[in-house]
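run13.txt follows; it contains compact mmCIF, C-alpha atoms.
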```
# COMPACT_ATOMS: atom_id res chain seq x y z
CA MET A 1 95.23 103.03 130.70
CA LEU A 2 95.97 100.49 127.92
CA ARG A 3 93.64 102.38 125.62
CA ARG A 4 95.68 105.52 126.25
CA LEU A 5 98.94 103.69 125.58
CA LEU A 6 97.41 102.46 122.32
CA ARG A 7 96.74 106.09 121.43
CA ALA A 8 100.44 106.85 121.80
CA ARG A 9 101.31 103.81 119.67
CA ASP A 10 98.80 104.90 117.00
CA ARG A 11 100.45 108.30 116.89
CA MET A 12 103.85 106.70 116.32
CA ASP A 13 102.36 104.51 113.59
CA ALA A 14 100.91 107.55 111.84
CA ALA A 15 104.17 109.52 111.94
CA SER A 16 107.02 107.10 112.51
CA HIS A 17 109.45 109.48 110.76
CA GLU A 18 109.01 111.99 113.59
CA GLU A 19 110.93 112.01 116.84
CA TRP A 20 109.04 110.36 119.70
CA PRO A 21 110.83 111.01 122.96
CA VAL A 22 109.17 109.55 126.02
CA GLU A 23 107.91 112.94 127.20
CA ARG A 24 106.00 113.40 123.94
CA LEU A 25 104.49 109.90 124.11
CA ALA A 26 103.64 110.32 127.75
CA SER A 27 101.83 113.56 127.05
CA VAL A 28 99.85 111.97 124.17
CA SER A 29 98.65 109.22 126.46
CA GLY A 30 98.25 111.33 129.56
CA VAL A 31 100.55 109.07 131.55
CA SER A 32 103.48 110.23 133.66
CA GLU A 33 106.89 110.03 131.99
CA ALA A 34 108.20 107.88 134.78
CA HIS A 35 105.44 105.37 134.22
CA PHE A 36 105.15 105.45 130.44
CA ALA A 37 108.09 103.40 129.12
CA ARG A 38 107.53 100.58 131.58
CA ALA A 39 103.77 100.50 130.99
CA PHE A 40 104.25 100.56 127.22
CA LYS A 41 106.67 97.67 127.30
CA GLN A 42 104.37 95.70 129.53
CA ALA A 43 101.45 96.29 127.16
CA PHE A 44 103.12 95.82 123.79
CA GLY A 45 106.14 93.70 124.54
CA ALA A 46 108.81 96.19 123.50
CA PRO A 47 109.95 99.57 124.80
CA PRO A 48 108.63 102.52 122.77
CA HIS A 49 111.91 103.35 121.04
CA ARG A 50 112.27 99.77 119.82
CA TYR A 51 108.69 99.70 118.62
CA LEU A 52 109.32 102.92 116.69
CA LEU A 53 112.44 101.40 115.15
CA THR A 54 110.48 98.40 113.87
CA ARG A 55 107.92 100.70 112.24
CA ARG A 56 110.64 102.78 110.61
CA ILE A 57 112.36 99.70 109.22
CA GLU A 58 109.04 98.33 108.01
CA ARG A 59 108.23 101.58 106.26
CA ALA A 60 111.73 101.86 104.78
CA SER A 61 111.41 98.30 103.44
CA THR A 62 108.10 99.19 101.81
CA LEU A 63 109.57 102.29 100.20
CA LEU A 64 112.57 100.30 98.96
CA ARG A 65 110.26 97.67 97.47
CA ASP A 66 107.50 99.84 96.06
CA THR A 67 109.20 103.06 94.98
CA ASP A 68 112.28 104.21 93.10
CA LEU A 69 113.26 106.68 95.84
CA ALA A 70 117.02 106.97 96.30
CA ILE A 71 118.19 105.17 99.44
CA ILE A 72 119.23 108.44 101.06
CA ASP A 73 115.69 109.77 100.52
CA VAL A 74 114.25 106.60 102.03
CA ALA A 75 116.52 107.16 105.04
CA PHE A 76 115.44 110.77 105.56
CA ASP A 77 111.77 110.05 104.81
CA THR A 78 111.66 107.36 107.48
CA GLY A 79 113.22 109.42 110.24
CA TRP A 80 116.99 108.95 110.09
CA ASN A 81 119.37 111.86 110.13
CA SER A 82 122.26 109.97 108.60
CA LEU A 83 122.53 107.53 105.73
CA GLY A 84 125.30 105.65 107.55
CA THR A 85 123.20 105.08 110.65
CA PHE A 86 120.25 104.02 108.54
CA GLY A 87 122.32 101.53 106.56
CA ARG A 88 123.95 100.02 109.64
CA THR A 89 120.72 99.80 111.58
CA PHE A 90 118.85 98.38 108.62
CA ARG A 91 121.48 95.69 108.11
CA ASP A 92 121.61 94.91 111.81
CA ILE A 93 117.86 94.40 111.89
CA THR A 94 117.06 92.76 108.58
CA GLY A 95 120.39 91.06 107.87
CA GLU A 96 120.82 92.78 104.54
CA SER A 97 121.56 96.27 103.30
CA PRO A 98 118.81 98.52 101.90
CA SER A 99 120.09 98.05 98.35
CA GLU A 100 120.23 94.27 98.79
CA LEU A 101 116.65 94.22 100.00
CA ARG A 102 115.57 96.34 97.06
CA ALA A 103 117.35 94.09 94.57
CA ARG A 104 116.07 90.89 96.18
CA SER A 105 112.47 92.01 96.52
CA ARG A 106 112.41 93.11 92.89
CA ALA A 107 113.84 89.81 91.74
CA GLU A 108 111.37 87.89 93.89
CA GLY A 109 108.49 90.09 92.82
CA HIS A 110 109.24 89.35 89.20
CA ALA A 111 109.75 85.70 89.93
CA LEU A 112 106.34 85.54 91.57
CA THR A 113 104.25 87.48 89.14
CA GLN A 114 105.83 88.16 85.81
CA VAL A 115 108.79 86.06 84.94
CA PRO A 116 108.09 85.95 81.20
CA HIS A 117 107.56 89.71 80.94
CA CYS A 118 110.65 90.34 82.98
CA PHE A 119 112.84 88.32 80.66
CA VAL A 120 111.26 89.80 77.58
CA ARG A 121 111.81 93.33 78.85
CA ALA A 122 115.38 92.62 79.97
CA ALA A 123 116.23 91.22 76.55
CA GLN A 124 114.84 94.31 74.85
CA ARG A 125 116.43 96.80 77.23
CA PRO A 126 118.92 99.12 75.54
CA ASP A 127 122.50 98.51 76.60
CA LEU A 128 123.74 101.95 77.55
CA LYS A 129 127.06 101.31 79.25
CA THR A 130 128.59 103.98 77.08
CA ALA A 131 127.26 107.28 75.75
CA VAL A 132 124.69 106.99 73.01
CA SER A 133 126.93 108.83 70.52
CA GLU A 134 129.84 106.43 71.24
CA LYS A 135 127.58 103.43 70.80
CA ARG A 136 126.34 104.82 67.52
CA ARG A 137 129.89 105.37 66.23
CA ARG A 138 130.95 101.84 67.13
CA ALA A 139 127.92 100.31 65.49
CA ALA A 140 128.68 102.17 62.30
CA GLY A 141 132.30 101.00 62.41
CA HIS A 142 131.19 97.41 63.02
CA ARG A 143 128.83 97.49 60.09
CA GLU A 144 131.64 98.67 57.81
CA ASP A 145 133.87 95.81 59.04
CA ARG A 146 131.10 93.31 58.45
CA ASP A 147 130.40 94.67 55.00
CA ALA A 148 134.07 94.31 54.21
CA THR A 149 134.11 90.72 55.51
CA GLU A 150 131.03 89.81 53.57
CA GLY A 151 132.57 91.36 50.53
CA THR A 152 135.63 89.18 50.96
CA GLU A 153 133.58 86.05 51.49
CA GLY A 154 131.51 86.80 48.46
CA SER A 155 134.46 87.05 46.17
CA MET B 156 69.06 77.06 99.72
CA SER B 157 70.48 80.20 101.22
CA GLN B 158 73.24 80.95 103.65
CA ASN B 159 74.10 84.37 105.11
CA VAL B 160 76.13 85.81 107.93
CA GLY B 161 73.60 87.35 110.30
CA VAL B 162 75.58 88.55 113.31
CA VAL B 163 79.24 89.20 113.95
CA GLY B 164 80.22 90.46 117.39
CA LEU B 165 82.79 92.91 118.64
CA TYR B 166 84.01 93.06 122.18
CA VAL B 167 83.62 96.51 123.62
CA HIS B 168 84.73 98.01 126.91
CA ASP B 169 81.39 99.61 127.68
CA GLN B 170 78.17 98.94 125.78
CA ASP B 171 76.62 102.36 126.42
CA GLU B 172 79.75 104.07 125.24
CA ALA B 173 79.86 101.81 122.15
CA LEU B 174 76.22 102.54 121.39
CA GLY B 175 76.89 106.28 121.57
CA PHE B 176 79.80 105.85 119.20
CA TYR B 177 78.36 103.51 116.57
CA VAL B 178 74.86 104.99 116.53
CA GLY B 179 75.59 108.59 117.51
CA LYS B 180 78.77 109.14 115.52
CA LEU B 181 78.92 106.56 112.72
CA GLY B 182 75.20 106.47 111.89
CA PHE B 183 74.38 102.84 112.67
CA ALA B 184 70.91 101.97 113.99
CA VAL B 185 70.02 99.78 116.96
CA HIS B 186 68.67 96.41 115.86
CA THR B 187 68.25 94.61 119.19
CA ASP B 188 68.91 95.76 122.73
CA VAL B 189 67.77 93.25 125.31
CA LYS B 190 68.90 92.78 128.89
CA ASN B 191 68.78 89.65 130.95
CA GLY B 192 70.18 90.41 134.36
CA ASP B 193 73.71 91.73 133.80
CA TYR B 194 73.81 90.32 130.31
CA ARG B 195 72.91 92.63 127.43
CA TRP B 196 72.42 91.47 123.86
CA LEU B 197 73.10 94.59 121.80
CA THR B 198 73.28 94.60 118.03
CA ILE B 199 73.31 97.39 115.46
CA THR B 200 72.93 97.57 111.69
CA CYS B 201 73.99 99.81 108.86
CA PRO B 202 70.90 101.48 107.37
CA GLU B 203 71.75 100.09 103.92
CA GLN B 204 72.49 96.59 105.21
CA PRO B 205 69.54 95.67 107.44
CA ASP B 206 70.20 91.91 107.33
CA PHE B 207 73.66 92.11 108.85
CA GLN B 208 73.93 92.79 112.57
CA LEU B 209 77.07 93.94 114.30
CA GLY B 210 77.02 92.82 117.91
CA LEU B 211 78.51 95.08 120.58
CA PHE B 212 79.23 92.68 123.40
CA ALA B 213 80.93 93.15 126.74
CA PRO B 214 83.33 90.39 127.72
CA GLN B 215 81.88 89.46 131.09
CA PRO B 216 80.66 86.63 133.27
CA PRO B 217 78.62 84.50 133.05
CA THR B 218 79.37 83.95 129.34
CA ILE B 219 83.07 83.89 130.16
CA ASP B 220 84.97 83.82 133.43
CA GLU B 221 86.24 87.03 134.96
CA ALA B 222 89.93 86.35 134.26
CA SER B 223 89.22 85.74 130.57
CA ALA B 224 86.96 88.80 130.46
CA GLN B 225 89.75 90.89 131.91
CA ALA B 226 92.24 89.50 129.37
CA LEU B 227 89.82 90.28 126.51
CA ARG B 228 89.22 93.82 127.74
CA GLU B 229 92.98 94.32 127.77
CA LEU B 230 93.42 92.87 124.29
CA VAL B 231 90.72 95.15 122.91
CA ALA B 232 92.29 98.18 124.60
CA LYS B 233 95.67 97.24 123.13
CA GLY B 234 94.21 97.18 119.63
CA ALA B 235 94.90 93.46 119.26
CA MET B 236 91.51 92.45 117.86
CA PRO B 237 91.08 91.51 114.18
CA PRO B 238 90.64 94.11 111.45
CA LEU B 239 87.28 95.64 110.60
CA VAL B 240 86.41 97.38 107.35
CA LEU B 241 83.71 99.96 106.73
CA VAL B 242 83.11 100.53 103.02
CA VAL B 243 81.94 103.95 101.86
CA ASP B 244 81.39 105.60 98.49
CA ASP B 245 83.46 108.66 99.46
CA CYS B 246 86.24 108.18 101.99
CA GLN B 247 87.16 111.85 102.28
CA ALA B 248 83.55 112.91 102.89
CA ALA B 249 83.03 110.15 105.47
CA PHE B 250 86.30 111.08 107.15
CA GLU B 251 85.24 114.71 107.47
CA ARG B 252 81.79 113.79 108.74
CA PHE B 253 83.11 111.32 111.30
CA ARG B 254 85.94 113.54 112.45
CA ALA B 255 83.51 116.42 112.99
CA ALA B 256 81.50 114.02 115.16
CA GLY B 257 84.59 113.36 117.27
CA VAL B 258 85.79 110.02 115.88
CA GLU B 259 89.44 109.25 116.70
CA PHE B 260 91.25 108.81 113.39
CA THR B 261 94.60 107.05 113.38
CA GLN B 262 95.23 107.69 109.68
CA GLU B 263 93.82 110.41 107.46
CA PRO B 264 92.59 109.46 103.97
CA VAL B 265 95.37 108.28 101.63
CA ALA B 266 94.87 107.51 97.94
CA ARG B 267 96.61 104.24 97.05
CA TYR B 268 96.11 100.85 95.42
CA GLY B 269 93.39 102.37 93.27
CA SER B 270 91.24 103.45 96.22
CA VAL B 271 91.25 105.80 99.21
CA ASP B 272 91.53 104.57 102.79
CA ALA B 273 91.65 105.97 106.32
CA SER B 274 91.74 104.38 109.78
CA PHE B 275 89.92 105.04 113.01
CA ARG B 276 89.30 103.39 116.35
CA ASP B 277 86.21 102.96 118.42
CA PRO B 278 86.39 104.07 122.05
CA SER B 279 87.26 100.52 123.15
CA GLY B 280 90.26 100.25 120.82
CA ASN B 281 88.80 98.23 117.93
CA GLY B 282 90.50 99.40 114.74
CA TRP B 283 88.48 100.13 111.63
CA LYS B 284 89.66 100.71 108.11
CA LEU B 285 87.49 103.14 106.17
CA ILE B 286 87.77 102.17 102.52
CA GLN B 287 86.30 103.79 99.46
CA GLN B 288 84.39 101.45 97.19
CA ARG B 289 86.19 100.95 93.87
```
Would you mind writing the file out in structure tokens?
Amino acid sequence: MLRRLLRARDRMDAASHEEWPVERLASVSGVSEAHFARAFKQAFGAPPHRYLLTRRIERASTLLRDTDLAIIDVAFDTGWNSLGTFGRTFRDITGESPSELRARSRAEGHALTQVPHCFVRAAQRPDLKTAVSEKRRRAAGHREDRDATEGTEGS
Amino acid sequence: MSQNVGVVGLYVHDQDEALGFYVGKLGFAVHTDVKNGDYRWLTITCPEQPDFQLGLFAPQPPTIDEASAQALRELVAKGAMPPLVLVVDDCQAAFERFRAAGVEFTQEPVARYGSVDASFRDPSGNGWKLIQQR
């Protein structure tokens, strides 16, 4: 019996982005629908839908940390049908929004493993708040001003 | 001076069933199979690793009391026992061979972290990771 419930849990683990209504889980484990949810909770400490939620959040957190996937893609890849629901649920569970987790884990990751490289790279990163052509034009104008100033100082 | 791990044991639900799985499906060989009353000392080895024995033990009296044995059987069936790793030179090939033999895979081979890994369970519920040697 427990072994068959584990089979249902394994199937959720392998495809947590899919829908797992009780009838599907019950049929995987060969247990009656009426019996399944109660037996699952007794065995694993949480009802199946809550277990699935924890796996989805775990997987979403991993994708946020380890990939550059857009948050909406993370939401759809981990089984949500709406970005709003994903964001709310994620915050409710983890205490921070998906983008906050991404930002924090990246900062912590750098802090743990590569602080010097991080600072070096950040210092060398091009500042592209404006279009490249605009930046180029301004730089040229600035150089002319400076040349003029230097010229004045020199005289 | 030398020091080696000789035997590590797994708890299994049924020793005959475990023997059929590890020897018949995964290709282990029986090292020792000795009975003393109800107690059965059963160990297997990997052909390439003859000095390391994997014990397939049933949680049962008299080595432990019946209530503890029951709790252990439940823990094994719930997949709560510690991780096990089987290292192979070709994860995909091993996956296909094992699956054809009827092994229950919980994760198909995935290439990541510079290797390839898959997951399967033995009939009792012990979870194995199948990892390709780097």
_Could you work out which residues of chain A fall inside 9 Å of chain B? Count all atoms listed in the file, and format the result as a PyMOL selection string._
chain A and resi 1-7+10-11+13-14+43-44
Those same residues - C-alpha atoms - I'd like them written as a PDB file, in the coordinates of the input.
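What landed in again19.pdb:
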```pdb
ATOM      1  CA  MET A   1      95.230 103.030 130.700  1.00  0.00           C
ATOM      2  CA  LEU A   2      95.970 100.490 127.920  1.00  0.00           C
ATOM      3  CA  ARG A   3      93.640 102.380 125.620  1.00  0.00           C
ATOM      4  CA  ARG A   4      95.680 105.520 126.250  1.00  0.00           C
ATOM      5  CA  LEU A   5      98.940 103.690 125.580  1.00  0.00           C
ATOM      6  CA  LEU A   6      97.410 102.460 122.320  1.00  0.00           C
ATOM      7  CA  ARG A   7      96.740 106.090 121.430  1.00  0.00           C
ATOM      8  CA  ASP A  10      98.800 104.900 117.000  1.00  0.00           C
ATOM      9  CA  ARG A  11     100.450 108.300 116.890  1.00  0.00           C
ATOM     10  CA  ASP A  13     102.360 104.510 113.590  1.00  0.00           C
ATOM     11  CA  ALA A  14     100.910 107.550 111.840  1.00  0.00           C
ATOM     12  CA  ALA A  43     101.450  96.290 127.160  1.00  0.00           C
ATOM     13  CA  PHE A  44     103.120  95.820 123.790  1.00  0.00           C
TER      14      PHE A  44
END
```
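In this comparison, which uses all atoms listed in the file, the residue of B:Ser223, B:Gln170, B:Gln215, B:Gln287 approaching Leu197 of chain B most closely is B:Gln170.
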*Please, what distance in Å, to one decimal, runs between atom CA of Arg254 of chain B and atom CA of Val167 of chain B?*
20.5 Å
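Coordinates place atom CA of Tyr177 of chain B at a distance of 12.0 Å from atom CA of Pro202 of chain B.
Going from atom CA of Ala266 of chain B over to atom CA of Glu18 of chain A, you cover 21.6 Å.
Counting all atoms listed in the file, the residue from B:Val243, B:Met156, B:Leu165, B:Arg267 that sits nearest to Cys201 of chain B is B:Val243.
Each of B:Arg289, B:Lys180, B:Lys284, B:His186 was checked against Phe253 of chain B using all atoms listed in the file; the smallest atom-to-atom distance is that of B:Lys180.
Minimum atom-to-atom distances from B:Asp277, B:Asp244, B:His168, B:Phe250 to Ala224 of chain B were compared using all atoms listed in the file, and the lowest value belongs to B:His168.
Ranking A:Ser27, A:Thr78, A:Ser61, A:Thr54 by their shortest atom-to-atom distance to Pro98 of chain A, with all atoms listed in the file included, puts A:Ser61 first.
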*Between A:Arg55, A:Ala8, A:Thr85, A:Ala15, single out the one closest to Phe40 of chain A, counting all atoms listed in the file.*
A:Ala8
*Shell of 12 Å around Leu63 of chain A, all atoms listed in the file, local chain residues under 4 positions omitted, as a PyMOL selection string*: chain A and resi 56-59+67-78+98-99+101-102+105
Please dump the current selection as a compact mmCIF listing (two decimals), in the frame of the given file; keep C-alpha atoms.
```
# COMPACT_ATOMS: atom_id res chain seq x y z
CA ARG A 56 110.64 102.78 110.61
CA ILE A 57 112.36 99.70 109.22
CA GLU A 58 109.04 98.33 108.01
CA ARG A 59 108.23 101.58 106.26
CA THR A 67 109.20 103.06 94.98
CA ASP A 68 112.28 104.21 93.10
CA LEU A 69 113.26 106.68 95.84
CA ALA A 70 117.02 106.97 96.30
CA ILE A 71 118.19 105.17 99.44
CA ILE A 72 119.23 108.44 101.06
CA ASP A 73 115.69 109.77 100.52
CA VAL A 74 114.25 106.60 102.03
CA ALA A 75 116.52 107.16 105.04
CA PHE A 76 115.44 110.77 105.56
CA ASP A 77 111.77 110.05 104.81
CA THR A 78 111.66 107.36 107.48
CA PRO A 98 118.81 98.52 101.90
CA SER A 99 120.09 98.05 98.35
CA LEU A 101 116.65 94.22 100.00
CA ARG A 102 115.57 96.34 97.06
CA SER A 105 112.47 92.01 96.52
```
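For Val185 of chain B, the residues within 7 Å (counting only C-alpha atoms, excluding itself and residues fewer than 4 positions away along the chain) are B:Thr198, B:Ile199, B:Thr200.
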Atom completion result for segment 2-38 of chain A (N, CA and C atoms) as a CSV table (one decimal), keeping the file's coordinate frame:
```csv
chain,number,residue,atom,x,y,z
A,2,LEU,N,95.5,101.1,129.1
A,2,LEU,CA,96.0,100.5,127.9
A,2,LEU,C,95.5,101.2,126.7
A,3,ARG,N,94.2,101.7,126.8
A,3,ARG,CA,93.6,102.4,125.6
A,3,ARG,C,94.4,103.7,125.3
A,4,ARG,N,94.9,104.3,126.4
A,4,ARG,CA,95.7,105.5,126.2
A,4,ARG,C,97.1,105.2,125.7
A,5,LEU,N,97.6,104.1,126.1
A,5,LEU,CA,98.9,103.7,125.6
A,5,LEU,C,98.8,103.4,124.1
A,6,LEU,N,97.7,102.8,123.7
A,6,LEU,CA,97.4,102.5,122.3
A,6,LEU,C,97.4,103.8,121.5
A,7,ARG,N,96.8,104.8,122.1
A,7,ARG,CA,96.7,106.1,121.4
A,7,ARG,C,98.1,106.6,121.1
A,8,ALA,N,99.1,106.4,122.0
A,8,ALA,CA,100.4,106.8,121.8
A,8,ALA,C,101.1,106.0,120.7
A,9,ARG,N,100.8,104.7,120.7
A,9,ARG,CA,101.3,103.8,119.7
A,9,ARG,C,100.7,104.2,118.3
A,10,ASP,N,99.4,104.5,118.3
A,10,ASP,CA,98.8,104.9,117.0
A,10,ASP,C,99.5,106.1,116.4
A,11,ARG,N,99.8,107.1,117.3
A,11,ARG,CA,100.4,108.3,116.9
A,11,ARG,C,101.8,108.0,116.3
A,12,MET,N,102.6,107.1,116.9
A,12,MET,CA,103.8,106.7,116.3
A,12,MET,C,103.7,106.0,115.0
A,13,ASP,N,102.6,105.2,114.9
A,13,ASP,CA,102.4,104.5,113.6
A,13,ASP,C,102.1,105.5,112.5
A,14,ALA,N,101.3,106.6,112.8
A,14,ALA,CA,100.9,107.6,111.8
A,14,ALA,C,102.1,108.5,111.4
A,15,ALA,N,103.1,108.6,112.3
A,15,ALA,CA,104.2,109.5,111.9
A,15,ALA,C,105.5,109.0,112.5
A,16,SER,N,105.9,107.8,112.0
A,16,SER,CA,107.0,107.1,112.5
A,16,SER,C,108.3,107.8,112.1
A,17,HIS,N,108.3,108.7,111.1
A,17,HIS,CA,109.4,109.5,110.8
A,17,HIS,C,109.8,110.6,111.8
A,18,GLU,N,108.8,110.9,112.6
A,18,GLU,CA,109.0,112.0,113.6
A,18,GLU,C,109.7,111.5,114.8
A,19,GLU,N,110.3,112.4,115.6
A,19,GLU,CA,110.9,112.0,116.8
A,19,GLU,C,109.9,111.8,117.9
A,20,TRP,N,110.0,110.7,118.7
A,20,TRP,CA,109.0,110.4,119.7
A,20,TRP,C,109.7,110.1,121.0
A,21,PRO,N,110.3,111.2,121.6
A,21,PRO,CA,110.8,111.0,123.0
A,21,PRO,C,109.7,110.7,124.0
A,22,VAL,N,110.1,110.0,125.0
A,22,VAL,CA,109.2,109.6,126.0
A,22,VAL,C,108.2,110.7,126.5
A,23,GLU,N,108.8,111.9,126.7
A,23,GLU,CA,107.9,112.9,127.2
A,23,GLU,C,106.8,113.2,126.2
A,24,ARG,N,107.0,113.1,124.9
A,24,ARG,CA,106.0,113.4,123.9
A,24,ARG,C,104.9,112.3,124.0
A,25,LEU,N,105.4,111.0,124.0
A,25,LEU,CA,104.5,109.9,124.1
A,25,LEU,C,103.7,109.9,125.4
A,26,ALA,N,104.3,110.3,126.5
A,26,ALA,CA,103.6,110.3,127.8
A,26,ALA,C,102.5,111.4,127.7
A,27,SER,N,102.8,112.5,127.1
A,27,SER,CA,101.8,113.6,127.0
A,27,SER,C,100.7,113.2,126.1
A,28,VAL,N,100.9,112.4,125.0
A,28,VAL,CA,99.8,112.0,124.2
A,28,VAL,C,98.9,111.0,125.0
A,29,SER,N,99.5,110.2,125.8
A,29,SER,CA,98.6,109.2,126.5
A,29,SER,C,98.2,109.7,127.8
A,30,GLY,N,98.7,110.8,128.3
A,30,GLY,CA,98.2,111.3,129.6
A,30,GLY,C,98.8,110.5,130.7
A,31,VAL,N,99.9,109.9,130.5
A,31,VAL,CA,100.6,109.1,131.6
A,31,VAL,C,101.8,109.8,132.0
A,32,SER,N,102.3,109.6,133.2
A,32,SER,CA,103.5,110.2,133.7
A,32,SER,C,104.7,109.6,132.9
A,33,GLU,N,105.7,110.5,132.7
A,33,GLU,CA,106.9,110.0,132.0
A,33,GLU,C,107.5,108.9,132.7
A,34,ALA,N,107.6,108.9,134.0
A,34,ALA,CA,108.2,107.9,134.8
A,34,ALA,C,107.5,106.5,134.6
A,35,HIS,N,106.2,106.6,134.3
A,35,HIS,CA,105.4,105.4,134.2
A,35,HIS,C,105.4,104.8,132.8
A,36,PHE,N,105.5,105.8,131.8
A,36,PHE,CA,105.2,105.4,130.4
A,36,PHE,C,105.9,104.3,129.8
A,37,ALA,N,107.3,104.4,129.8
A,37,ALA,CA,108.1,103.4,129.1
A,37,ALA,C,107.8,102.0,129.6
A,38,ARG,N,107.8,101.9,131.0
A,38,ARG,CA,107.5,100.6,131.6
A,38,ARG,C,106.1,100.0,131.2
```
